[in-house]
Structure formats: structure tokens, C-alpha cells
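S.K.: Below you'll find the structure I mean.
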Amino acid sequence: MACTKTLVERLTLIGDFIRANFPSATTQKWYLPGDEENHMPTINTGISAIKSYADQTGYERGVTDGTATGYNQGHEAGFSDGMTAGVSAQKNQWWWNYQTNSDGSVRTNYAYAFAGKGWNNDTFTPTQNLTVVNATMMFYLSRISGSLQEILGDKTIDFSGCAGASSIFTTSQFTALPVLNFQKATTVEGIFRGCTSLVSVGLFTVNKNTVLTNAFVNCAALENITFGGTIAKSADIHWSTKLSSVSIKSLLSVLTETVTGVTITLPVTVNGQDTLTLLQTDTALAPLYTAAIENGYSIAFA
């Protein structure tokens with residue numbers, strides 16, 4: 001049905017609707033066409049009132065929704081942070097227990113402590129320095145890889161008081177080992193046996209009574225090792241064909257005892273060079289090689 005109301009009547013209805021539904025608009029004076037002012041701010045005022053109401057409603061909803069969203073996000077973040085802190089605290093407590101004896105003293109017996117395939121870079125995260133007296137098979141078959149010192153970070157591992165040290169790193173996956181002071185150890189038998197990834201060892205100190213049987217079996221990747229102390233027992237390092245001349249020099253420099261029946265076995269070639277020729281002609285190696293022979297050491301090649 002066609003609308004029969006005049007424009008004035010329709011505008012009046014709109015004004016009534018606005019006044020009824022938007023009280024803030026009732027404080028405004030309403031004008032219709034033909035009145036004494038002869039202008040019409042009515043519609044503009046009504047639109048402003050509607051916009052104001054919409055803005056207020058949108059703001060309130062925004063505050064409500066934003067508060068809820070913020071709360072949820074804060075709750076989730078807080079829960080996540082709390083879980084992380086809880087796990088960290090639990091982990092630290094576990095390590096404290098693992099590195100402490102039942103009487104509260106610091107643990108020093110680390111025999112088999114990190115042996116087995118369950119130990120890897122994620123599980124091996126000690127929270128205290130390691131002072132080791134018994135290191136027998138300490139890292140045997142572990143799957144911890146890379147540089148031991150880098151893994152330890154600001155923690156240290158001290159073997160200087162260690163008496164039992166056989167097979168400590170046997171078949172482990174370390175590529176680099178830090179200073180290893182075994183000056184009090186009676187044996188380091190099999191210490192690096194099967195360490196096929198091992199490239200470098202820091203200062204490796206032993207004494208004249210330290211047994212080195214099978215210490216370097218299958219250490220084919222070994223390039224750099226610094227020897228300290230004195231070697232007066234037979235040792236076989238012939239698997240290490242990548243040894244640097246500096247490492248060979250270091251080995252010869254600790255063959256200082258007067259011995260009988262002690263054999264040091266080197267690889268036939270190192271880095272593509274004939275080892276015997278290198279020992280006889282290298283100006284840094286030749287004097288040490290001659291001195292070792294004079295001290296009674298037999299230098300063999302395999």
C-alpha cells in the first residue's frame with residue numbers, strides 16, 4: 001500500500017521514535033519544515049544521538065570482550081609460565097638429589113652414572129659441578145653428543161682425584177672433551193675405546209703407573225690431543241691416522257721415564273705421510289723420538 005503521509009508527518013514520526021528510544025536526544029530542540037526557524041537540525045541531531053548510542057554500546061562491548069580476551073590470554077600465559085617454572089624446579093630438585101649423597105654430602109662416585117642410551121643432550125643437564133673420584137664407565141654407551149664442555153656450560157668436571165677411570169667414555173658420541181686430569185688414576189683402560197666421533201681432547205694427564213690398555217681403540221677421527229704427566233706403560237694409538245704433528249710431539253714429550261718392555265704403537269701413516277720418516281726428519285719431532293728410544297721405549301707402527 002502506498003504511503004499517504006506527508007513529509008512533515010513522516011519526519012514527526014521519526015522525531016517521536018528518536019525521542020522515545022534515545023533520551024539524550026530529548027534535550028535538543030526539534031524543528032520541522034515551515035516553523036518559525038525555517039530550518040531542520042532534527043535529523044542531524046537524531047543521527048548524532050544514534051551514533052553516540054552506537055559508539056557507547058560498541059565501547060562497552062569492546063571493554064567487555066577485551067577484558068575477557070585479556071583474561072583468557074593472561075590465564076593461558078600464566079599457566080604456561082607456571083608449568084615451565086614448575087618443571088624447571090622439579091628438574092633442578094631431581095639433579096640436586098642425583099648429585100648429592102643421602103647424608104647431604106656432594107656425590108663423588110659417578111661409576112655408571114651417565115651410562116646407557118637414555119642419556120642424551122636433553123637428559124644430561126647437571127646443575128652442580130662434578131667432582132669425580134670413581135668414574136668407571138661413567139659415560140659408557142651414552143648418546144650425549146658434541147663438546148662436553150659446551151654441554152656443561154659454566155659447570156666443570158674434575159677428575160684430578162679420580163682413582164678408578166676405566167672405560168669412562170667407551171662408545172660415547174662426544175666430539176670434544178675438556179681437560180682430563182688423571183694424575184692419580186691407576187688405570188684409564190679403554191677410556192676412549194669406540195669413540196669414533198671424538199676429534200679433540202684437552203690436556204690429558206696421566207702418571208707413570210697409569211695403565212693405557214685399549215685406550216684409543218677405533219679413535220679414527222682423533223686429530224688433536226695434548227698429553228701431560230708421564231707415560232711409562234704401553235699404549236696403542238695406531239687407529240688415529242689423522243693425528244696432528246703437534247699431538248704426536250705432545251705424546252713423545254711425555255715418554256721421559258727409563259723403561260723396559262714398553263711399546264708405543266703409532267699409525268703407519270698420519271695425514272698421508274709416513275710416520276717413521278716424519279719422526280726422523282721433522283726438526284720438532286726428531287729429538288723427542290731419539291730421546292724416547294734412548295729411554296728404552298719401543299716405537300712401533302701398525
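By convention in this document, the chains of the C-alpha cells carry letters A, B, ... by their order, each chain's residues are numbered from 1, and ligands are numbered from 1 in the order they are shown.
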Report the residues of range 174-259 of chain A whose backbone DSSP state falls under helix (DSSP H, G or I), written as a VMD selection string.
M.R.: chain A and resid 245 to 253
S.K.: Please produce a file of those selected residues containing all heavy atoms, as a CSV table (one decimal), in the first residue's frame.
M.R.:
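What ended up in out37.csv:
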```
chain,number,residue,atom,x,y,z
A,245,SER,N,100.7,-33.3,13.9
A,245,SER,CA,102.1,-33.4,14.3
A,245,SER,C,102.3,-32.8,15.7
A,245,SER,O,103.2,-33.3,16.5
A,245,SER,CB,103.1,-32.7,13.3
A,245,SER,OG,102.7,-31.3,13.2
A,246,VAL,N,101.5,-31.8,16.0
A,246,VAL,CA,101.6,-31.2,17.4
A,246,VAL,C,101.2,-32.3,18.4
A,246,VAL,O,101.7,-32.4,19.5
A,246,VAL,CB,100.6,-30.0,17.5
A,246,VAL,CG1,100.6,-29.5,18.9
A,246,VAL,CG2,101.1,-28.9,16.6
A,247,SER,N,100.1,-33.1,18.1
A,247,SER,CA,99.7,-34.1,19.0
A,247,SER,C,100.8,-35.2,19.2
A,247,SER,O,101.0,-35.7,20.3
A,247,SER,CB,98.4,-34.8,18.5
A,247,SER,OG,97.4,-33.8,18.5
A,248,ILE,N,101.4,-35.6,18.1
A,248,ILE,CA,102.5,-36.6,18.1
A,248,ILE,C,103.7,-36.0,19.0
A,248,ILE,O,104.2,-36.8,19.8
A,248,ILE,CB,103.0,-36.9,16.7
A,248,ILE,CG1,101.8,-37.6,15.9
A,248,ILE,CG2,104.2,-37.9,16.8
A,248,ILE,CD1,102.1,-37.9,14.5
A,249,LYS,N,104.0,-34.8,18.8
A,249,LYS,CA,105.0,-34.2,19.6
A,249,LYS,C,104.7,-34.2,21.0
A,249,LYS,O,105.5,-34.5,21.9
A,249,LYS,CB,105.2,-32.7,19.1
A,249,LYS,CG,106.3,-32.0,19.9
A,249,LYS,CD,106.4,-30.5,19.5
A,249,LYS,CE,107.4,-29.8,20.3
A,249,LYS,NZ,107.5,-28.3,19.9
A,250,SER,N,103.4,-33.9,21.4
A,250,SER,CA,103.0,-33.9,22.7
A,250,SER,C,103.1,-35.3,23.3
A,250,SER,O,103.5,-35.5,24.5
A,250,SER,CB,101.5,-33.5,22.8
A,250,SER,OG,101.0,-33.5,24.1
A,251,LEU,N,102.8,-36.4,22.6
A,251,LEU,CA,102.9,-37.7,23.0
A,251,LEU,C,104.4,-38.1,23.3
A,251,LEU,O,104.7,-38.6,24.4
A,251,LEU,CB,102.3,-38.7,22.0
A,251,LEU,CG,102.5,-40.2,22.2
A,251,LEU,CD1,101.9,-40.6,23.6
A,251,LEU,CD2,101.9,-41.0,21.1
A,252,LEU,N,105.2,-37.8,22.4
A,252,LEU,CA,106.7,-38.1,22.6
A,252,LEU,C,107.3,-37.3,23.8
A,252,LEU,O,108.2,-37.8,24.4
A,252,LEU,CB,107.4,-37.7,21.3
A,252,LEU,CG,107.1,-38.5,20.0
A,252,LEU,CD1,107.9,-37.9,18.8
A,252,LEU,CD2,107.5,-39.9,20.2
A,253,SER,N,106.7,-36.1,24.1
A,253,SER,CA,107.3,-35.3,25.1
A,253,SER,C,107.0,-35.9,26.5
A,253,SER,O,107.6,-35.5,27.5
A,253,SER,CB,106.7,-33.9,25.1
A,253,SER,OG,105.3,-33.9,25.4
```
S.K.: Mind dumping a table of every range 122-198 of chain A residue within 12 Å of range 224-231 of chain A, with the nearest atom pair and its distance in Å to one decimal, using only C-alpha atoms, sorted by chain and rising number, as a tab-separated table?
M.R.:
```
residue	atom	partner	partner_atom	distance
A:Thr175	CA	A:Asn224	CA	11.0
A:Ala176	CA	A:Asn224	CA	9.5
A:Leu177	CA	A:Ile225	CA	9.5
A:Pro178	CA	A:Ile225	CA	10.2
A:Val179	CA	A:Thr226	CA	9.2
A:Leu180	CA	A:Gly228	CA	9.6
A:Asn181	CA	A:Gly228	CA	8.4
A:Phe182	CA	A:Gly229	CA	9.1
A:Gln183	CA	A:Gly229	CA	7.0
A:Lys184	CA	A:Gly229	CA	10.5
A:Ala185	CA	A:Gly229	CA	11.7
A:Thr186	CA	A:Ile231	CA	11.8
A:Thr187	CA	A:Ile231	CA	11.6
A:Val188	CA	A:Ile231	CA	11.8
A:Phe192	CA	A:Ile225	CA	11.9
A:Leu198	CA	A:Asn224	CA	9.5
```
S.K.: How many Å separate CA of Ile264 in chain A from CA of Ser234 in chain A?
M.R.: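 Going from CA of Ile264 in chain A over to CA of Ser234 in chain A, I get 5.6 Å.
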S.K.: From range 127-281 of chain A, collect each residue whose DSSP state is strand (DSSP E or B) and return the set as JSON, numbers by chain.
M.R.: {"A": [130, 131, 134, 143, 145, 146, 147, 157, 158, 164, 173, 174, 175, 176, 177, 180, 181, 187, 200, 201, 202, 203, 204, 205, 206, 211, 224, 225, 226, 227, 228, 229, 235, 236, 263, 264, 265, 266, 269, 270, 273, 274]}
S.K.: Which residue gives the smallest distance to Phe159 in chain A among A:Ser88, A:Thr123, A:Thr108, A:Thr290, with only C-alpha atoms counted?
M.R.: A:Thr108
